[in-house]
>>> print(open('run.cif').read())   # mmCIF, C-alpha atoms
data_entry
#
loop_
_atom_site.label_atom_id
_atom_site.label_comp_id
_atom_site.auth_asym_id
_atom_site.auth_seq_id
_atom_site.Cartn_x
_atom_site.Cartn_y
_atom_site.Cartn_z
CA MET N 1 24.07 28.42 19.59
CA GLU N 2 23.27 24.90 18.42
CA MET N 3 19.88 24.66 16.75
CA ASN N 4 17.25 22.60 18.51
CA GLN N 5 16.23 20.18 15.76
CA ILE N 6 12.90 19.26 17.35
CA THR N 7 11.88 22.90 17.77
CA PHE N 8 13.01 23.63 14.22
CA ALA N 9 10.88 20.78 12.80
CA LYS N 10 7.84 21.81 14.85
CA THR N 11 8.19 25.40 13.66
CA LEU N 12 8.27 24.24 10.05
CA GLU N 13 5.10 22.21 10.55
CA GLN N 14 3.39 25.19 12.19
CA LEU N 15 4.35 27.35 9.22
CA LYS N 16 2.93 24.78 6.81
CA GLU N 17 -0.30 24.78 8.83
CA THR N 18 -0.43 28.58 8.65
CA ALA N 19 0.16 28.46 4.91
CA ARG N 20 -2.78 26.08 4.49
CA LEU N 21 -5.06 28.78 5.91
CA GLN N 22 -3.56 31.43 3.61
CA ASP N 23 -4.03 29.74 0.23
CA ASN N 24 -0.66 28.02 0.62
CA MET N 25 1.29 31.26 0.93
CA LEU N 26 3.56 32.79 3.59
CA THR N 27 5.38 36.08 3.85
CA LYS N 28 9.08 36.30 4.56
CA GLU N 29 8.16 38.34 7.63
CA GLN N 30 6.07 35.47 8.99
CA ILE N 31 8.90 33.01 8.42
CA GLU N 32 11.51 35.26 10.01
CA GLU N 33 9.29 35.86 13.05
CA ALA N 34 8.69 32.13 13.47
CA PHE N 35 12.44 31.44 13.65
CA GLU N 36 13.39 34.69 15.41
CA GLU N 37 14.69 33.04 18.59
CA MET N 38 16.96 30.69 16.64
CA HIS N 39 19.05 33.53 15.15
CA LEU N 40 19.39 31.87 11.75
CA GLN N 41 21.74 33.05 9.02
CA GLU N 42 20.53 34.17 5.59
CA ALA N 43 21.79 30.94 4.02
CA GLN N 44 19.65 28.94 6.46
CA PHE N 45 16.59 30.99 5.58
CA GLU N 46 17.23 30.30 1.89
CA LEU N 47 17.13 26.57 2.64
CA ILE N 48 13.82 27.07 4.45
CA TYR N 49 12.40 29.01 1.50
CA ASP N 50 13.47 26.22 -0.87
CA TYR N 51 11.87 23.58 1.37
CA LEU N 52 8.58 25.48 1.52
CA LYS N 53 8.52 26.04 -2.23
CA LYS N 54 9.07 22.33 -2.83
CA ASN N 55 5.96 21.80 -0.67
CA HIS N 56 4.05 24.12 -3.03
CA ILE N 57 4.01 27.05 -0.61
CA GLY N 58 4.51 30.49 -2.11
CA ILE N 59 6.76 33.07 -0.46
CA ASP N 60 5.31 36.61 -0.59
CA GLU N 61 3.18 35.54 -3.58
CA PRO N 62 0.91 32.62 -4.47
CA ALA N 63 2.67 29.43 -5.54
CA PRO N 64 2.43 28.71 -9.30
CA VAL N 65 -0.30 26.08 -8.97
CA ASP N 66 -0.87 25.16 -12.62
CA GLU N 67 2.78 24.10 -13.06
CA SER N 68 2.06 21.13 -10.77
CA LEU N 69 -0.83 19.83 -12.87
CA THR N 70 -0.36 16.89 -15.19
CA GLU N 71 -2.09 16.69 -18.57
CA GLU N 72 -4.53 14.21 -17.03
CA ASP N 73 -5.27 16.67 -14.22
CA VAL N 74 -5.89 19.52 -16.68
CA ASN N 75 -8.25 17.42 -18.79
CA TYR N 76 -10.23 16.29 -15.76
CA LEU N 77 -10.49 19.80 -14.34
CA GLY N 78 -11.78 21.14 -17.64
CA ILE N 79 -14.67 18.66 -17.61
CA TYR N 80 -15.37 18.93 -13.88
CA LEU N 81 -15.38 22.73 -13.81
CA ASP N 82 -17.82 22.77 -16.73
CA GLU N 83 -20.16 20.63 -14.64
CA LEU N 84 -19.86 23.02 -11.68
CA LYS N 85 -20.96 25.92 -13.87
CA ASP N 86 -24.48 24.50 -13.77
CA LEU N 87 -24.70 25.02 -10.01
CA PRO N 88 -26.90 27.97 -8.95
CA THR N 89 -25.07 31.05 -7.70
CA VAL N 90 -25.94 32.68 -4.39
CA THR N 91 -25.36 36.13 -2.93
CA ASP N 92 -23.33 36.62 0.24
CA GLY N 93 -26.56 37.18 2.15
CA GLU N 94 -28.11 33.99 0.81
CA LYS N 95 -24.97 32.04 1.63
CA ARG N 96 -25.00 33.30 5.22
CA ALA N 97 -28.64 32.29 5.59
CA ILE N 98 -27.82 28.82 4.23
CA ILE N 99 -24.90 28.50 6.65
CA MET N 100 -27.08 29.46 9.61
CA SER N 101 -29.75 26.95 8.59
CA ALA N 102 -27.09 24.26 8.12
CA MET N 103 -25.81 25.00 11.63
CA ALA N 104 -29.39 24.36 12.80
CA LYS N 105 -29.21 20.87 11.23
CA ASP N 106 -31.42 21.64 8.22
CA ASN N 107 -30.57 18.87 5.73
CA THR N 108 -31.56 20.88 2.66
CA ALA N 109 -29.31 23.74 3.79
CA CYS N 110 -26.46 21.31 4.47
CA ASN N 111 -26.71 19.98 0.92
CA LYS N 112 -26.79 23.51 -0.52
CA LEU N 113 -23.76 24.46 1.58
CA VAL N 114 -21.83 21.50 0.18
CA GLU N 115 -22.71 22.66 -3.35
CA ILE N 116 -21.51 26.17 -2.57
CA MET N 117 -18.19 24.82 -1.31
CA LEU N 118 -17.49 22.47 -4.27
CA PRO N 119 -15.46 25.05 -6.27
CA GLN N 120 -13.31 25.68 -3.19
CA VAL N 121 -12.50 21.96 -3.03
CA VAL N 122 -11.13 22.26 -6.57
CA GLU N 123 -8.86 25.16 -5.62
CA ILE N 124 -7.59 23.29 -2.56
CA ALA N 125 -6.92 20.18 -4.65
CA LYS N 126 -4.84 22.26 -7.07
CA LEU N 127 -2.70 23.38 -4.11
CA TYR N 128 -1.87 19.74 -3.36
CA ALA N 129 -1.19 18.80 -6.99
CA GLY N 130 2.23 17.39 -7.80
CA GLN N 131 2.55 15.41 -4.56
CA GLY N 132 1.89 12.01 -6.09
CA ALA N 133 -1.92 11.94 -6.23
CA LEU N 134 -4.26 12.74 -9.11
CA VAL N 135 -6.35 15.89 -8.75
CA GLU N 136 -9.43 13.79 -9.53
CA ASP N 137 -8.75 11.58 -6.50
CA LEU N 138 -8.01 14.58 -4.29
CA ILE N 139 -11.29 16.22 -5.27
CA GLY N 140 -13.13 12.97 -4.53
CA GLU N 141 -11.60 12.80 -1.05
CA GLY N 142 -12.29 16.49 -0.50
CA ASN N 143 -15.94 16.18 -1.51
CA VAL N 144 -16.45 13.32 0.94
CA ALA N 145 -14.85 15.41 3.70
CA LEU N 146 -17.07 18.33 2.73
CA ALA N 147 -20.21 16.22 3.15
CA LEU N 148 -18.98 14.98 6.53
CA ALA N 149 -18.13 18.51 7.63
CA SER N 150 -21.64 19.76 6.77
CA GLY N 151 -23.00 17.41 9.43
CA MET N 152 -20.51 18.50 12.09
CA LEU N 153 -21.25 22.21 12.23
CA ASP N 154 -22.16 21.97 15.90
CA CYS N 155 -18.36 22.11 16.40
CA VAL N 156 -18.39 25.69 15.06
CA GLU N 157 -19.37 28.64 17.23
CA THR N 158 -20.25 31.31 14.65
CA PRO N 159 -21.34 31.38 10.96
CA ASP N 160 -18.13 33.23 10.07
CA GLU N 161 -16.08 30.18 11.08
CA VAL N 162 -18.02 27.62 9.02
CA GLU N 163 -16.20 27.93 5.68
CA GLY N 164 -12.79 27.81 7.36
CA PHE N 165 -13.81 24.75 9.37
CA MET N 166 -15.03 22.92 6.27
CA ALA N 167 -11.95 23.90 4.26
CA ARG N 168 -9.66 22.56 7.00
CA MET N 169 -11.49 19.24 6.97
CA VAL N 170 -11.04 19.08 3.19
CA MET N 171 -7.33 19.82 3.54
CA ASP N 172 -6.88 17.21 6.25
CA ALA N 173 -8.60 14.60 4.08
CA MET N 174 -6.38 15.39 1.10
CA GLU N 175 -3.20 15.31 3.18
CA GLU N 176 -4.20 11.98 4.70
CA TYR N 177 -4.91 10.57 1.24
CA ILE N 178 -1.56 11.75 -0.09
CA GLY N 179 0.23 10.21 2.90
CA GLU N 180 -1.54 6.88 2.44
CA ASP N 181 -0.92 6.95 -1.31
CA VAL N 182 2.80 7.53 -0.80
CA GLN N 183 2.97 4.66 1.72
CA ASN N 184 1.13 2.34 -0.67
CA ARG N 185 3.45 3.21 -3.54
CA GLN N 186 6.49 2.65 -1.34
CA ALA N 187 5.11 -0.75 -0.33
CA ASP N 188 4.49 -1.63 -3.97
CA GLU N 189 8.03 -0.60 -4.91
CA GLU N 190 9.49 -2.65 -2.06
CA MET N 191 7.47 -5.71 -3.11
CA LEU N 192 8.54 -5.31 -6.74
CA GLU N 193 12.15 -5.16 -5.57
CA ARG N 194 11.66 -8.38 -3.58
CA VAL N 195 10.15 -10.12 -6.61
CA ASN N 196 13.06 -9.02 -8.79
CA ARG N 197 15.63 -10.20 -6.23
CA VAL N 198 14.03 -13.64 -5.97
CA GLN N 199 13.70 -13.91 -9.75
CA GLU N 200 17.34 -12.96 -10.35
CA LYS N 201 18.71 -15.26 -7.65
CA SER N 202 16.58 -18.22 -8.76
CA GLN N 203 17.76 -17.77 -12.36
CA GLU N 204 21.38 -17.55 -11.25
CA MET N 205 21.10 -20.73 -9.17
CA ALA N 206 19.17 -22.61 -11.87
CA GLU N 207 21.85 -21.82 -14.44
CA ASP N 208 24.55 -23.11 -12.08
CA LEU N 209 22.62 -26.27 -11.12
CA LEU N 210 21.22 -26.86 -14.64
CA ARG N 211 17.77 -27.37 -13.15
CA LYS N 212 15.02 -25.51 -11.36
CA VAL N 213 15.64 -24.70 -7.72
CA THR N 214 13.41 -25.54 -4.77
CA VAL N 215 11.90 -23.03 -2.38
CA GLU N 216 14.01 -24.52 0.40
CA GLU N 217 17.26 -24.14 -1.58
CA LEU N 218 16.44 -20.58 -2.58
CA ALA N 219 15.48 -19.54 0.94
CA LYS N 220 18.70 -20.99 2.32
CA GLU N 221 20.81 -19.25 -0.31
CA MET N 222 19.09 -15.88 0.20
CA GLU N 223 18.96 -16.34 3.99
CA ILE N 224 15.26 -15.56 4.19
CA ASP N 225 12.21 -17.47 5.35
CA GLU N 226 10.63 -20.02 2.98
CA ASP N 227 7.21 -18.44 3.53
CA GLU N 228 8.57 -15.16 2.21
CA ILE N 229 9.66 -16.94 -0.98
CA ARG N 230 6.19 -18.47 -1.32
CA GLU N 231 4.58 -15.06 -0.80
CA VAL N 232 6.75 -13.55 -3.55
CA ILE N 233 5.81 -16.42 -5.87
CA ARG N 234 2.12 -15.81 -5.14
CA ILE N 235 2.40 -12.08 -5.76
CA SER N 236 4.17 -12.72 -9.07
CA GLY N 237 1.18 -14.78 -10.18
CA ASN N 238 3.19 -18.00 -9.91
CA ASN N 239 5.33 -16.64 -12.73
CA MET N 240 8.72 -17.81 -11.45
CA ASP N 241 10.19 -19.94 -14.24
CA TYR N 242 13.28 -21.05 -12.35
CA ILE N 243 11.59 -22.25 -9.14
CA GLU N 244 10.26 -25.79 -8.78
CA LYS N 245 6.53 -25.81 -8.08
CA GLU N 246 5.59 -27.39 -4.77
#
>>> encode(input="run.cif", output="structure tokens")
Amino acid sequence: MEMNQITFAKTLEQLKETARLQDNMLTKEQIEEAFEEMHLQEAQFELIYDYLKKNHIGIDEPAPVDESLTEEDVNYLGIYLDELKDLPTVTDGEKRAIIMSAMAKDNTACNKLVEIMLPQVVEIAKLYAGQGALVEDLIGEGNVALALASGMLDCVETPDEVEGFMARMVMDAMEEYIGEDVQNRQADEEMLERVNRVQEKSQEMAEDLLRKVTVEELAKEMEIDEDEIREVIRISGNNMDYIEKE
């Protein structure tokens, strides 16, 4: 039977969502049950396992988090975790009382709840390490989401659901940040490529003409709009030696 690609992709996303709620870990049984109706072969399951591992999801055991940390991440975490050691500890009973007060819109309790959750933000950030963003930035985004979540506890029905709700908001914030960071880096790479193309073509033309080239000549040769050439020149800091200044 031909595999339904849309269903397959949706199932993968659902598995990733499940993994997020299980410390980024899935069992082989969960994966096999998710794809049960597709009757996949063992080789296809191996590809799925590889895909999940590349997304820092452990199979039957926690993913090796520390392997994804850069030296900069490790140094930052050492300092940050030392700072968190100064936070007061609370018992399970005290934490539940704080959660219930926070649900009742007590500002002091909300602030205490955020403090209690700060170490969990660190652990979540480590799960997303190695995906292009610094752990320091992920923790920053997560802490902001944590503060926002503490003021939205009217969305939660029972105290037992509060920590999971706040953790999901932290995860969503980190995933959004990673997605935006990747898009920004792609845009930067594309712009750098445009600058290099214009620079190389202008040099080539200048060497043939034995003079600097005009924006009009370059645009015509490259078959692009003159405004695009001007934008590239601006982005380069007007550092185009082979193009005549207008």
>>> residues_around(input="run.cif", residues="Arg211 of chain N", least_positions_apart="5", cutoff="9 Å", atoms="only C-alpha atoms", output="list in words")
Met205, Ala206, Tyr242, Ile243 and Glu244 of chain N
>>> atom_distance(input="run.cif", atom1="atom CA of Ala34 of chain N", atom2="atom CA of Gly132 of chain N")
28.9 Å
>>> residues_around(input="run.cif", residues="Lys112 of chain N", least_positions_apart="2", cutoff="12 Å", atoms="only C-alpha atoms", output="list of chain:residue names")
N:Leu87, N:Pro88, N:Thr89, N:Val90, N:Glu94, N:Lys95, N:Arg96, N:Ala97, N:Ile98, N:Ile99, N:Met100, N:Ser101, N:Ala102, N:Asp106, N:Asn107, N:Thr108, N:Ala109, N:Cys110, N:Val114, N:Glu115, N:Ile116, N:Met117, N:Leu118, N:Leu146, N:Ala147, N:Ser150
>>> closest_residue(input="run.cif", among="N:Asp82, N:Glu189, N:Asp50, N:Asp73", to="Leu138 of chain N", atoms="all atoms listed in the file")
N:Asp73
>>> residues_near_point(input="run.cif", point="(10.0, 36.3, 8.0)", cutoff="12 Å", atoms="only C-alpha atoms", output="PDB file with C-alpha atoms, in the coordinates of the input")
ATOM      1  CA  LEU N  15       4.350  27.350   9.220  1.00  0.00           C
ATOM      2  CA  LEU N  26       3.560  32.790   3.590  1.00  0.00           C
ATOM      3  CA  THR N  27       5.380  36.080   3.850  1.00  0.00           C
ATOM      4  CA  LYS N  28       9.080  36.300   4.560  1.00  0.00           C
ATOM      5  CA  GLU N  29       8.160  38.340   7.630  1.00  0.00           C
ATOM      6  CA  GLN N  30       6.070  35.470   8.990  1.00  0.00           C
ATOM      7  CA  ILE N  31       8.900  33.010   8.420  1.00  0.00           C
ATOM      8  CA  GLU N  32      11.510  35.260  10.010  1.00  0.00           C
ATOM      9  CA  GLU N  33       9.290  35.860  13.050  1.00  0.00           C
ATOM     10  CA  ALA N  34       8.690  32.130  13.470  1.00  0.00           C
ATOM     11  CA  PHE N  35      12.440  31.440  13.650  1.00  0.00           C
ATOM     12  CA  GLU N  36      13.390  34.690  15.410  1.00  0.00           C
ATOM     13  CA  HIS N  39      19.050  33.530  15.150  1.00  0.00           C
ATOM     14  CA  LEU N  40      19.390  31.870  11.750  1.00  0.00           C
ATOM     15  CA  GLU N  42      20.530  34.170   5.590  1.00  0.00           C
ATOM     16  CA  PHE N  45      16.590  30.990   5.580  1.00  0.00           C
ATOM     17  CA  GLU N  46      17.230  30.300   1.890  1.00  0.00           C
ATOM     18  CA  ILE N  48      13.820  27.070   4.450  1.00  0.00           C
ATOM     19  CA  TYR N  49      12.400  29.010   1.500  1.00  0.00           C
ATOM     20  CA  ILE N  59       6.760  33.070  -0.460  1.00  0.00           C
ATOM     21  CA  ASP N  60       5.310  36.610  -0.590  1.00  0.00           C
TER      22      ASP N  60
END
>>> axis_aligned_box(input="run.cif", around="segment 166-182 of chain N", padding_each_side="3 Å", output="AutoDock Vina command-line options")
--center_x -6.1 --center_y 15.4 --center_z 2.8 --size_x 23.8 --size_y 23.0 --size_z 14.3
>>> resolve_selection(input="run.cif", expression="the PyMOL selection byres ((chain N and resi 229) around 10)", output="number ranges by chain")
N: 194-195, 198, 215-216, 218-219, 222, 224-228, 230-235, 243
>>> atom_distance(input="run.cif", atom1="atom CA of Ala145 of chain N", atom2="atom CA of Asn75 of chain N")
23.5 Å
>>> residues_around(input="run.cif", residues="Thr70 of chain N", least_positions_apart="3", cutoff="10 Å", atoms="only C-alpha atoms", output="JSON list (two decimals) with C-alpha atoms, in the coordinates of the input")
[["chain", "number", "residue", "atom", "x", "y", "z"],
["N", 66, "ASP", "CA", -0.87, 25.16, -12.62],
["N", 67, "GLU", "CA", 2.78, 24.10, -13.06],
["N", 73, "ASP", "CA", -5.27, 16.67, -14.22],
["N", 74, "VAL", "CA", -5.89, 19.52, -16.68],
["N", 75, "ASN", "CA", -8.25, 17.42, -18.79],
["N", 76, "TYR", "CA", -10.23, 16.29, -15.76],
["N", 129, "ALA", "CA", -1.19, 18.80, -6.99],
["N", 130, "GLY", "CA", 2.23, 17.39, -7.80],
["N", 134, "LEU", "CA", -4.26, 12.74, -9.11],
["N", 135, "VAL", "CA", -6.35, 15.89, -8.75]]
>>> atom_distance(input="run.cif", atom1="atom CA of Gln120 of chain N", atom2="atom CA of Gly78 of chain N")
15.2 Å
